[in-house]
Amino acid sequence: MRRWMLGLALAGALAAPAWAGPPFVTDDPQPTDTGHWEIYNFGAGVGTPGDVAGEGGLDLNYGAAKDLQLTAVLPASFDNNRFGSGVIELAAKYKLLHQADGSWLPDVAIFPRVFLDTGSSFDGTTPGVFLPVWAEKDFGPWSLFGGGGFQIATRASDRDFWQTGLALQRTLGKRASLGVELIHQTPTSPDGADFTAVNVGATYKLSDHWTLMASGGPGLQNARTEGQYLFYAALEATY
């Protein structure tokens, strides 16, 4: 199973509120506002013939300083009727560049992550160190964001791999957004295969502090072995 499902931040567009990152696999360069929390109560997974695997839990993000977000993901994993503690994730996002009106310069951030194996994960998540770069450019209610990076595997049975994505999202008024993304990942194991998929995602703001979000889509490349479909759903709290 591919770990496509976590997005970790929300972003603002130039002319109207716009969401980027969750519910998409493709992340954005926007850190959590300084002194504030973004907490995702999420469930996510991938389905192949006869098998559904994934994880659910808490995705905690804190704005520790200007342009700096600290992240911890505490999941439980599942594979059909098997359950485990999941792979713990620790990360830090730092925004390097800021976009401005009248300029083509995008927002750019680095977001290194460490995936820690608990020994009882059933969703196929690959422990290691992921080193991505994410960029975003906003055009009124539209946001174009994407990037990717390289993951260094820490288990001898796994292999290093690349992960990339590109997403286009549009705000619909002050509460909702709708978007689509294309994602790709190279093999994570010696017997694995390249994987490409498309996702459609939406968000709806229930109140100042609560937002519903969901995404899903089909696998396009090696779908029968790597993922016929993807899904993600979360209730986000901001404080």
# chains A, B, ... in the order shown; residues from 1 in each chain; ligands from 1
>>> residues_around(residues="Ala44 in chain A", least_positions_apart="3", cutoff="6 Å", atoms="only C-alpha atoms", output="list in words")
Met5, Gly54, Glu55, Phe231 and Tyr232 of chain A
>>> residues_around(residues="Val198 in chain A", least_positions_apart="4", cutoff="12 Å", atoms="only C-alpha atoms", output="list in words")
Trp4, Phe24, Val25, Thr26, Gly165, Leu166, Ala167, Leu168, Gly179, Val180, Glu181, Leu182, Ile183, His184, Ser215, Gly216, Gly217, Pro218, Gly219, Leu220, Gln221, Ala223, Gly227, Gln228, Tyr229, Leu230 and Phe231 of chain A
>>> write_last_selection(atoms="N, CA, C and O atoms", output="short mmCIF file (atom, residue, chain, number, x, y, z; two decimals), in the first residue's frame")
data_model
loop_
_atom_site.label_atom_id
_atom_site.label_comp_id
_atom_site.auth_asym_id
_atom_site.auth_seq_id
_atom_site.Cartn_x
_atom_site.Cartn_y
_atom_site.Cartn_z
N TRP A 4 -0.09 7.70 0.38
CA TRP A 4 -0.42 8.88 -0.41
C TRP A 4 -1.27 9.88 0.37
O TRP A 4 -1.57 10.95 -0.14
N PHE A 24 -5.54 16.58 -0.23
CA PHE A 24 -4.74 16.00 -1.30
C PHE A 24 -3.47 15.34 -0.79
O PHE A 24 -2.97 15.66 0.30
N VAL A 25 -2.92 14.45 -1.58
CA VAL A 25 -1.61 13.87 -1.31
C VAL A 25 -0.54 14.93 -1.53
O VAL A 25 0.40 15.07 -0.74
N THR A 26 -0.68 15.70 -2.60
CA THR A 26 0.25 16.79 -2.90
C THR A 26 0.18 17.83 -1.79
O THR A 26 -0.90 18.29 -1.41
N GLY A 165 3.87 15.33 -7.11
CA GLY A 165 2.45 15.61 -7.31
C GLY A 165 2.23 17.04 -7.78
O GLY A 165 3.07 17.92 -7.56
N LEU A 166 1.11 17.25 -8.46
CA LEU A 166 0.71 18.59 -8.93
C LEU A 166 -0.80 18.70 -8.77
O LEU A 166 -1.54 17.81 -9.19
N ALA A 167 -1.26 19.80 -8.15
CA ALA A 167 -2.68 19.98 -7.87
C ALA A 167 -3.14 21.37 -8.28
O ALA A 167 -2.39 22.34 -8.21
N LEU A 168 -4.41 21.43 -8.73
CA LEU A 168 -5.06 22.69 -9.06
C LEU A 168 -6.36 22.75 -8.27
O LEU A 168 -7.18 21.83 -8.32
N GLY A 179 -10.91 20.65 -6.10
CA GLY A 179 -9.66 20.56 -6.85
C GLY A 179 -9.38 19.17 -7.35
O GLY A 179 -10.09 18.21 -7.05
N VAL A 180 -8.29 19.07 -8.13
CA VAL A 180 -7.87 17.80 -8.71
C VAL A 180 -6.35 17.75 -8.68
O VAL A 180 -5.68 18.79 -8.75
N GLU A 181 -5.79 16.55 -8.53
CA GLU A 181 -4.35 16.39 -8.51
C GLU A 181 -3.93 15.15 -9.28
O GLU A 181 -4.69 14.19 -9.44
N LEU A 182 -2.68 15.19 -9.76
CA LEU A 182 -2.02 14.03 -10.38
C LEU A 182 -0.80 13.70 -9.54
O LEU A 182 0.01 14.59 -9.25
N ILE A 183 -0.65 12.43 -9.13
CA ILE A 183 0.45 12.04 -8.25
C ILE A 183 1.19 10.84 -8.83
O ILE A 183 0.62 10.02 -9.56
N HIS A 184 2.48 10.74 -8.50
CA HIS A 184 3.30 9.64 -9.02
C HIS A 184 4.33 9.24 -7.97
O HIS A 184 4.85 10.09 -7.23
N SER A 215 -11.24 13.29 -0.25
CA SER A 215 -10.74 13.13 -1.61
C SER A 215 -10.75 11.65 -1.97
O SER A 215 -10.79 10.77 -1.11
N GLY A 216 -10.68 11.38 -3.26
CA GLY A 216 -10.61 10.01 -3.73
C GLY A 216 -10.38 9.99 -5.22
O GLY A 216 -10.62 10.98 -5.92
N GLY A 217 -9.89 8.85 -5.71
CA GLY A 217 -9.67 8.74 -7.14
C GLY A 217 -9.05 7.42 -7.52
O GLY A 217 -8.63 6.63 -6.66
N PRO A 218 -8.98 7.14 -8.82
CA PRO A 218 -8.48 5.86 -9.30
C PRO A 218 -6.98 5.86 -9.54
O PRO A 218 -6.37 6.89 -9.85
N GLY A 219 -6.39 4.68 -9.42
CA GLY A 219 -5.03 4.48 -9.88
C GLY A 219 -5.01 4.40 -11.40
O GLY A 219 -5.94 3.85 -12.02
N LEU A 220 -3.97 4.93 -12.02
CA LEU A 220 -3.86 4.95 -13.48
C LEU A 220 -2.76 4.04 -14.00
O LEU A 220 -2.86 3.53 -15.12
N GLN A 221 -1.75 3.82 -13.21
CA GLN A 221 -0.58 3.01 -13.62
C GLN A 221 -0.37 1.89 -12.62
O GLN A 221 -0.28 2.14 -11.42
N ALA A 223 -2.40 -0.22 -11.48
CA ALA A 223 -3.45 -0.06 -10.47
C ALA A 223 -3.79 -1.36 -9.76
O ALA A 223 -4.07 -1.35 -8.56
N GLY A 227 -2.65 0.04 -6.42
CA GLY A 227 -3.78 0.79 -5.87
C GLY A 227 -4.84 1.08 -6.92
O GLY A 227 -4.62 1.93 -7.78
N GLN A 228 -5.98 0.38 -6.85
CA GLN A 228 -7.05 0.65 -7.79
C GLN A 228 -7.77 1.95 -7.45
O GLN A 228 -8.30 2.62 -8.33
N TYR A 229 -7.79 2.30 -6.17
CA TYR A 229 -8.43 3.56 -5.76
C TYR A 229 -7.80 4.03 -4.46
O TYR A 229 -7.23 3.25 -3.69
N LEU A 230 -7.90 5.35 -4.23
CA LEU A 230 -7.41 6.00 -3.03
C LEU A 230 -8.56 6.72 -2.34
O LEU A 230 -9.51 7.15 -3.01
N PHE A 231 -8.50 6.88 -1.04
CA PHE A 231 -9.51 7.68 -0.35
C PHE A 231 -8.92 8.35 0.89
O PHE A 231 -7.97 7.86 1.50
#
>>> select_by_dssp(residues="range 36-195 of chain A", states="strand (DSSP E or B)", output="mmCIF file with C-alpha atoms, in the first residue's frame")
data_model
loop_
_atom_site.group_PDB
_atom_site.id
_atom_site.type_symbol
_atom_site.label_atom_id
_atom_site.label_comp_id
_atom_site.auth_asym_id
_atom_site.auth_seq_id
_atom_site.Cartn_x
_atom_site.Cartn_y
_atom_site.Cartn_z
ATOM 1 C CA TRP A 37 -2.905 24.525 15.830
ATOM 2 C CA GLU A 38 -4.269 22.579 12.863
ATOM 3 C CA ILE A 39 -5.462 19.124 13.930
ATOM 4 C CA TYR A 40 -6.780 16.570 11.428
ATOM 5 C CA ASN A 41 -8.866 13.626 12.658
ATOM 6 C CA PHE A 42 -8.361 11.531 9.547
ATOM 7 C CA GLY A 43 -8.887 8.180 7.868
ATOM 8 C CA ALA A 44 -7.191 7.161 4.621
ATOM 9 C CA GLY A 45 -6.392 4.141 2.527
ATOM 10 C CA VAL A 46 -5.759 2.343 -0.743
ATOM 11 C CA GLY A 47 -7.694 -0.527 -2.290
ATOM 12 C CA THR A 48 -6.472 -3.349 -4.529
ATOM 13 C CA ASP A 51 -7.526 -5.893 -0.074
ATOM 14 C CA VAL A 52 -8.077 -2.503 1.581
ATOM 15 C CA ALA A 53 -5.296 -1.035 3.723
ATOM 16 C CA GLY A 54 -4.751 2.305 5.340
ATOM 17 C CA GLU A 55 -4.594 4.264 8.554
ATOM 18 C CA GLY A 56 -6.524 6.624 10.784
ATOM 19 C CA GLY A 57 -5.612 8.882 13.645
ATOM 20 C CA LEU A 58 -4.430 12.372 14.514
ATOM 21 C CA ASP A 59 -2.313 14.678 12.362
ATOM 22 C CA LEU A 60 -1.065 17.478 14.658
ATOM 23 C CA ASN A 61 0.424 20.710 13.292
ATOM 24 C CA TYR A 62 1.663 23.665 15.346
ATOM 25 C CA GLY A 63 2.974 27.046 14.198
ATOM 26 C CA ALA A 64 6.128 27.150 16.307
ATOM 27 C CA ALA A 65 7.564 30.381 14.844
ATOM 28 C CA LEU A 68 7.920 27.258 10.810
ATOM 29 C CA GLN A 69 5.454 24.403 11.366
ATOM 30 C CA LEU A 70 6.075 21.344 13.546
ATOM 31 C CA THR A 71 4.108 18.177 12.748
ATOM 32 C CA ALA A 72 3.421 14.839 14.435
ATOM 33 C CA VAL A 73 1.180 12.119 12.983
ATOM 34 C CA LEU A 74 -0.060 9.423 15.372
ATOM 35 C CA PRO A 75 -1.928 6.767 13.368
ATOM 36 C CA ALA A 76 -3.391 3.312 13.769
ATOM 37 C CA SER A 77 -3.074 1.096 10.689
ATOM 38 C CA PHE A 78 -5.287 -1.594 9.181
ATOM 39 C CA ASP A 79 -5.184 -4.185 6.427
ATOM 40 C CA ARG A 82 -5.690 -6.778 10.883
ATOM 41 C CA PHE A 83 -4.924 -3.725 13.016
ATOM 42 C CA GLY A 84 -1.699 -2.180 14.318
ATOM 43 C CA ILE A 88 4.676 7.548 13.567
ATOM 44 C CA GLU A 89 5.624 10.633 11.565
ATOM 45 C CA LEU A 90 7.622 13.669 12.762
ATOM 46 C CA ALA A 91 8.235 16.648 10.466
ATOM 47 C CA ALA A 92 9.096 20.341 10.237
ATOM 48 C CA LYS A 93 7.987 22.680 7.452
ATOM 49 C CA TYR A 94 9.960 25.872 6.800
ATOM 50 C CA LYS A 95 8.852 28.462 4.249
ATOM 51 C CA LEU A 96 11.796 29.833 2.266
ATOM 52 C CA LEU A 97 10.125 32.116 -0.303
ATOM 53 C CA ASP A 107 5.756 30.343 -2.184
ATOM 54 C CA VAL A 108 8.402 27.659 -1.574
ATOM 55 C CA ALA A 109 9.014 25.492 1.496
ATOM 56 C CA ILE A 110 11.013 22.467 2.571
ATOM 57 C CA ARG A 113 9.836 14.100 7.485
ATOM 58 C CA VAL A 114 10.913 11.089 9.531
ATOM 59 C CA PHE A 115 8.764 7.923 9.460
ATOM 60 C CA LEU A 116 9.334 5.753 12.557
ATOM 61 C CA GLY A 128 12.558 6.323 6.318
ATOM 62 C CA VAL A 129 13.384 9.999 5.787
ATOM 63 C CA PHE A 130 11.448 11.992 3.164
ATOM 64 C CA LEU A 131 13.063 15.178 1.773
ATOM 65 C CA PRO A 132 10.524 17.173 -0.292
ATOM 66 C CA VAL A 133 10.259 20.718 -1.680
ATOM 67 C CA TRP A 134 6.769 22.232 -2.183
ATOM 68 C CA ALA A 135 5.748 25.337 -4.150
ATOM 69 C CA GLU A 136 2.492 27.227 -4.693
ATOM 70 C CA LYS A 137 1.248 30.130 -6.811
ATOM 71 C CA ASP A 138 -2.193 31.681 -6.302
ATOM 72 C CA PHE A 139 -4.253 33.433 -8.994
ATOM 73 C CA TRP A 142 -7.207 29.484 -8.055
ATOM 74 C CA SER A 143 -4.203 27.784 -6.424
ATOM 75 C CA LEU A 144 -1.602 25.739 -8.309
ATOM 76 C CA PHE A 145 0.722 23.800 -6.006
ATOM 77 C CA GLY A 146 3.016 20.812 -6.140
ATOM 78 C CA GLY A 147 6.527 19.439 -5.929
ATOM 79 C CA GLY A 148 7.862 16.313 -4.315
ATOM 80 C CA GLY A 149 11.010 14.712 -3.065
ATOM 81 C CA PHE A 150 13.152 11.673 -2.367
ATOM 82 C CA GLN A 151 12.628 9.160 0.439
ATOM 83 C CA ILE A 152 15.600 7.330 1.942
ATOM 84 C CA ALA A 153 14.533 3.888 3.168
ATOM 85 C CA PHE A 161 11.997 6.185 -4.029
ATOM 86 C CA TRP A 162 10.720 9.460 -5.511
ATOM 87 C CA GLN A 163 7.268 10.947 -4.890
ATOM 88 C CA THR A 164 5.795 13.880 -6.870
ATOM 89 C CA GLY A 165 2.451 15.610 -7.305
ATOM 90 C CA LEU A 166 0.708 18.587 -8.927
ATOM 91 C CA ALA A 167 -2.682 19.981 -7.868
ATOM 92 C CA LEU A 168 -5.064 22.693 -9.065
ATOM 93 C CA GLN A 169 -7.688 23.970 -6.634
ATOM 94 C CA ARG A 170 -10.416 26.620 -6.720
ATOM 95 C CA THR A 171 -12.333 28.264 -3.891
ATOM 96 C CA LEU A 172 -16.116 28.351 -4.173
ATOM 97 C CA ALA A 176 -15.840 25.537 0.039
ATOM 98 C CA SER A 177 -13.122 24.474 -2.378
ATOM 99 C CA LEU A 178 -12.792 21.877 -5.138
ATOM 100 C CA GLY A 179 -9.661 20.561 -6.850
ATOM 101 C CA VAL A 180 -7.867 17.801 -8.708
ATOM 102 C CA GLU A 181 -4.345 16.392 -8.506
ATOM 103 C CA LEU A 182 -2.021 14.029 -10.377
ATOM 104 C CA ILE A 183 0.451 12.036 -8.253
ATOM 105 C CA HIS A 184 3.299 9.642 -9.020
ATOM 106 C CA GLN A 185 5.618 7.405 -7.000
ATOM 107 C CA PHE A 195 2.367 4.090 -9.439
#
>>> atom_distance(atom1="CA of Pro127 in chain A", atom2="CA of Leu235 in chain A")
25.8 Å
>>> atom_distance(atom1="CA of Tyr204 in chain A", atom2="CA of Ala237 in chain A")
12.4 Å
>>> select_by_dssp(residues="range 195-226 of chain A", states="helix (DSSP H, G or I)", output="list in words")
Ala223, Arg224, Thr225 and Glu226 of chain A
>>> write_last_selection(atoms="N, CA, C and O atoms", output="compact mmCIF listing (two decimals), in the first residue's frame")
# COMPACT_ATOMS: atom_id res chain seq x y z
N ALA A 223 -2.40 -0.22 -11.48
CA ALA A 223 -3.45 -0.06 -10.47
C ALA A 223 -3.79 -1.36 -9.76
O ALA A 223 -4.07 -1.35 -8.56
N ARG A 224 -3.76 -2.50 -10.44
CA ARG A 224 -4.18 -3.75 -9.81
C ARG A 224 -3.23 -4.17 -8.68
O ARG A 224 -3.66 -4.79 -7.71
N THR A 225 -1.98 -3.83 -8.79
CA THR A 225 -1.02 -4.22 -7.76
C THR A 225 -0.69 -3.08 -6.79
O THR A 225 -0.38 -3.33 -5.63
N GLU A 226 -0.76 -1.84 -7.25
CA GLU A 226 -0.33 -0.71 -6.42
C GLU A 226 -1.47 0.10 -5.83
O GLU A 226 -1.26 0.82 -4.85
>>> atom_distance(atom1="CA of Ala234 in chain A", atom2="CA of Met213 in chain A")
5.4 Å
